[in-house]
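This report refers to the structure that appears directly beneath it.
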Amino acid sequence: MNGGSAPGRPRKAGAPARGPVRLGPRSVAALVLVSLTGLIAIGWPLFADASSAVTTHAADAPWFFAALLPLLIAVVVATIADCGMDAKAVAMLGVLAAVGAALRPLGAGTAGLEPMFFLMVLSGRVLGPGFGFVLGAVTMFASALLTGGVGPWMPVQMLAMGWFTMGAGLLPGPVRLRGRAELLMLSAYGFLAAFAYGTVTNLYGWVTVGGLGTGISFAPGDPVHENLVRFLAYVLATSLGWDLGRAALTVVLTLTVGGTLLKALRRATRRANFEAQVTFGAPEEPPPGEAPHRTYVTYEAK
């Protein structure tokens, strides 16, 4: 029981600056596990010999998705266990995923202009890496259903978008850095990470369409460094312009409307008070002759 608080009223713990949803040890373990699984699933053909069936990634996709889905659930469960995410956090996850999925068709098929990426950067920044990873994967899944983009590439897109959004949550200064400096940092991250997203998804597609007999196609069994040189040439020849459009739009939207959206997301996070814990104060024994004290509830932020 805290004697300085009024009975029956919430207590503000000095109104500290709100940071992102915390990443605890169980969340870290779940994220490491899902990331390692994804890296192995995407990159194993580079290390396979020529006799391996490395051109059948499309057949691997259902198994990859079957492995990815429970691991994503494990990330959610671990995040709930670590920081007490409740129905309000899940509701915000659903709203942001729906908005992101709705933004994707606005630029689909137009020089890589995909406005959902800037929303993922800002959301990951405010809500943290664990929440951001789940948000990115769920958003990509919802957008694939909305646009009809369901195929063997979808699990990799989900994983890459999860990494993309998680990276924004790992950037420095989540509580103290504000204003123009923060927007410039997020813009730089969005620009580079947009290319990284394209590289990951291209790698998966490149080993799938190998054996075309060109100088930039994947050659099963060749040394890794030789295949990586071919892959670089493949990216420059096929997707550099698309990735550049995605990166440029992310920078423009972050610098123009990012400040307003960051404030709105942080305000919503404060009002949702994801990490608030309800504690019940035990009544103290009153001195002889005095009426017993009342038991009351206090709300404390972690």
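Here's how to read the names in the structure tokens: chain A, B, ... by the order shown, residue numbers from 1 in each chain, ligand numbers from 1 in the order shown.
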Enumerate the residues of region 24-252 of chain A with a DSSP assignment of alpha helix (DSSP H), computed from the backbone, and present them as a PyMOL selection string. chain A and resi 25-43+57-83+87-107+116-127+129-147+154-169+180-208+224-238+240-252
With only C-alpha atoms counted and 12 Å as the cut-off, give the residues of region 153-188 of chain A in contact with region 238-256 of chain A, each with its shortest interatomic distance in Å and the pair that gives it, as CSV.
residue,atom,partner,partner_atom,distance
A:Gly179,CA,A:Leu255,CA,10.5
A:Arg180,CA,A:Leu255,CA,8.5
A:Ala181,CA,A:Leu255,CA,10.5
A:Glu182,CA,A:Leu255,CA,9.8
A:Leu183,CA,A:Leu255,CA,6.1
A:Leu184,CA,A:Leu255,CA,7.3
A:Met185,CA,A:Thr254,CA,10.0
A:Leu186,CA,A:Thr254,CA,7.3
A:Ser187,CA,A:Val251,CA,4.8
A:Ala188,CA,A:Val251,CA,7.3
Let me make sure I understand: among A:Val126, A:Val75, A:Leu192, A:Leu145, which one has the smallest atom-to-atom distance to Lys263 (chain A) if we use only C-alpha atoms?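 Using only C-alpha atoms, the shortest distance to Lys263 (chain A) belongs to A:Val126.
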Which is closest to Gly167 (chain A) among A:Ala67, A:Leu228, A:Met116, A:Leu127, if we use only C-alpha atoms? A:Leu127
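In terms of minimum interatomic distance to Ala78 (chain A), A:Val28 ranks closest within A:Val224, A:Val99, A:Val28, A:Leu46, counting only C-alpha atoms.
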Long-range neighbours of region 134-141 of chain A as a list in words, 7 Å cut-off, only C-alpha atoms, 2 positions minimum in chain: Leu72, Val76, Leu93, Ala97, Ala98, Gly100, Ala101, Met120, Gly130, Phe131, Gly132, Ser143, Ala144, Leu145, Gln157, Met158, Leu159, Met161, Gly162 and Thr165 of chain A
Would you write out those residues with all heavy atoms, as a compact mmCIF listing (two decimals), in the first residue's frame?
# COMPACT_ATOMS: atom_id res chain seq x y z
N LEU A 72 6.15 -17.58 -35.32
CA LEU A 72 5.58 -16.24 -35.13
C LEU A 72 4.67 -16.21 -33.90
O LEU A 72 4.68 -15.24 -33.12
CB LEU A 72 4.80 -15.83 -36.37
CG LEU A 72 5.62 -15.53 -37.62
CD1 LEU A 72 4.69 -15.25 -38.79
CD2 LEU A 72 6.54 -14.35 -37.39
N VAL A 76 4.90 -13.91 -30.36
CA VAL A 76 3.79 -13.21 -29.70
C VAL A 76 3.65 -13.66 -28.26
O VAL A 76 3.55 -12.83 -27.33
CB VAL A 76 2.48 -13.45 -30.47
CG1 VAL A 76 1.31 -12.80 -29.74
CG2 VAL A 76 2.57 -12.92 -31.89
N LEU A 93 -2.15 -3.89 -32.88
CA LEU A 93 -1.48 -4.71 -33.88
C LEU A 93 -2.42 -4.94 -35.07
O LEU A 93 -2.02 -4.81 -36.23
CB LEU A 93 -1.07 -6.05 -33.26
CG LEU A 93 -0.48 -7.09 -34.21
CD1 LEU A 93 0.87 -6.63 -34.74
CD2 LEU A 93 -0.33 -8.45 -33.51
N ALA A 97 -1.77 -3.42 -38.83
CA ALA A 97 -1.63 -4.40 -39.90
C ALA A 97 -2.66 -4.16 -41.00
O ALA A 97 -2.35 -4.28 -42.20
CB ALA A 97 -1.77 -5.81 -39.35
N ALA A 98 -3.88 -3.81 -40.61
CA ALA A 98 -4.92 -3.54 -41.61
C ALA A 98 -4.59 -2.29 -42.42
O ALA A 98 -4.77 -2.28 -43.65
CB ALA A 98 -6.27 -3.37 -40.91
N GLY A 100 -1.55 -1.05 -42.95
CA GLY A 100 -0.42 -1.39 -43.81
C GLY A 100 -0.84 -2.22 -45.01
O GLY A 100 -0.37 -2.00 -46.13
N ALA A 101 -1.71 -3.19 -44.78
CA ALA A 101 -2.20 -4.03 -45.88
C ALA A 101 -2.98 -3.20 -46.90
O ALA A 101 -2.90 -3.45 -48.11
CB ALA A 101 -3.07 -5.15 -45.34
N MET A 120 5.67 0.88 -41.55
CA MET A 120 6.34 -0.16 -40.78
C MET A 120 7.56 0.41 -40.04
O MET A 120 7.84 0.03 -38.90
CB MET A 120 6.77 -1.29 -41.69
CG MET A 120 5.62 -2.06 -42.34
SD MET A 120 4.54 -2.91 -41.13
CE MET A 120 3.13 -1.77 -41.11
N GLY A 130 10.25 -6.50 -30.89
CA GLY A 130 9.42 -7.71 -30.82
C GLY A 130 8.05 -7.49 -31.42
O GLY A 130 7.58 -8.26 -32.28
N PHE A 131 7.38 -6.42 -30.99
CA PHE A 131 6.09 -6.05 -31.54
C PHE A 131 6.22 -5.77 -33.04
O PHE A 131 5.37 -6.15 -33.85
CB PHE A 131 5.56 -4.83 -30.80
CG PHE A 131 4.11 -4.52 -31.06
CD1 PHE A 131 3.15 -4.82 -30.12
CD2 PHE A 131 3.71 -3.90 -32.23
CE1 PHE A 131 1.81 -4.53 -30.34
CE2 PHE A 131 2.38 -3.61 -32.47
CZ PHE A 131 1.42 -3.92 -31.52
N GLY A 132 7.32 -5.08 -33.41
CA GLY A 132 7.52 -4.72 -34.81
C GLY A 132 7.68 -5.93 -35.70
O GLY A 132 7.16 -5.96 -36.82
N SER A 143 -1.69 -8.33 -46.47
CA SER A 143 -1.65 -7.68 -47.78
C SER A 143 -1.60 -8.70 -48.91
O SER A 143 -2.15 -8.46 -49.99
CB SER A 143 -0.43 -6.75 -47.86
OG SER A 143 0.77 -7.49 -47.84
N ALA A 144 -0.95 -9.86 -48.67
CA ALA A 144 -0.93 -10.91 -49.69
C ALA A 144 -2.34 -11.44 -49.93
O ALA A 144 -2.72 -11.69 -51.08
CB ALA A 144 0.00 -12.03 -49.26
N LEU A 145 -3.10 -11.60 -48.86
CA LEU A 145 -4.48 -12.05 -49.03
C LEU A 145 -5.32 -11.00 -49.74
O LEU A 145 -6.19 -11.32 -50.56
CB LEU A 145 -5.10 -12.37 -47.66
CG LEU A 145 -4.46 -13.52 -46.87
CD1 LEU A 145 -5.18 -13.68 -45.53
CD2 LEU A 145 -4.51 -14.82 -47.66
N GLN A 157 8.57 -13.13 -47.82
CA GLN A 157 8.16 -11.73 -47.68
C GLN A 157 7.73 -11.43 -46.26
O GLN A 157 8.04 -10.35 -45.73
CB GLN A 157 7.02 -11.44 -48.66
CG GLN A 157 7.44 -11.39 -50.12
CD GLN A 157 6.28 -11.07 -51.04
OE1 GLN A 157 5.12 -11.35 -50.74
NE2 GLN A 157 6.58 -10.47 -52.19
N MET A 158 7.02 -12.35 -45.62
CA MET A 158 6.62 -12.15 -44.23
C MET A 158 7.84 -12.02 -43.33
O MET A 158 7.91 -11.13 -42.47
CB MET A 158 5.74 -13.32 -43.77
CG MET A 158 4.37 -13.38 -44.40
SD MET A 158 3.48 -14.90 -43.96
CE MET A 158 3.42 -14.76 -42.17
N LEU A 159 8.80 -12.90 -43.52
CA LEU A 159 9.99 -12.88 -42.69
C LEU A 159 10.82 -11.62 -42.93
O LEU A 159 11.29 -10.97 -41.98
CB LEU A 159 10.83 -14.12 -42.98
CG LEU A 159 12.04 -14.38 -42.08
CD1 LEU A 159 11.59 -14.59 -40.64
CD2 LEU A 159 12.82 -15.59 -42.57
N MET A 161 9.79 -8.72 -44.07
CA MET A 161 9.11 -7.55 -43.54
C MET A 161 9.19 -7.52 -42.01
O MET A 161 9.27 -6.45 -41.39
CB MET A 161 7.65 -7.52 -43.99
CG MET A 161 6.88 -6.28 -43.55
SD MET A 161 7.64 -4.73 -44.11
CE MET A 161 7.18 -4.74 -45.84
N GLY A 162 9.17 -8.70 -41.38
CA GLY A 162 9.36 -8.76 -39.94
C GLY A 162 10.72 -8.23 -39.55
O GLY A 162 10.85 -7.44 -38.60
N THR A 165 10.79 -4.31 -40.02
CA THR A 165 10.12 -3.55 -38.96
C THR A 165 10.86 -3.70 -37.63
O THR A 165 10.95 -2.74 -36.86
CB THR A 165 8.67 -4.03 -38.81
OG1 THR A 165 8.06 -4.12 -40.10
CG2 THR A 165 7.85 -3.07 -37.96
Top pick for closest residue to Ala268 (chain A), considering A:Phe117, A:Leu36, A:Met92, A:Val156 and counting only C-alpha atoms: A:Met92
I need the residue nearest Ala41 (chain A) from this list: A:Val77, A:Leu236, A:Val200, A:Ala264. Use only C-alpha atoms for the distance.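 Under the stated criterion, the closest residue is A:Val200.
Here CA of Thr208 (chain A) and CA of Gly43 (chain A) stand 11.3 Å from one another.
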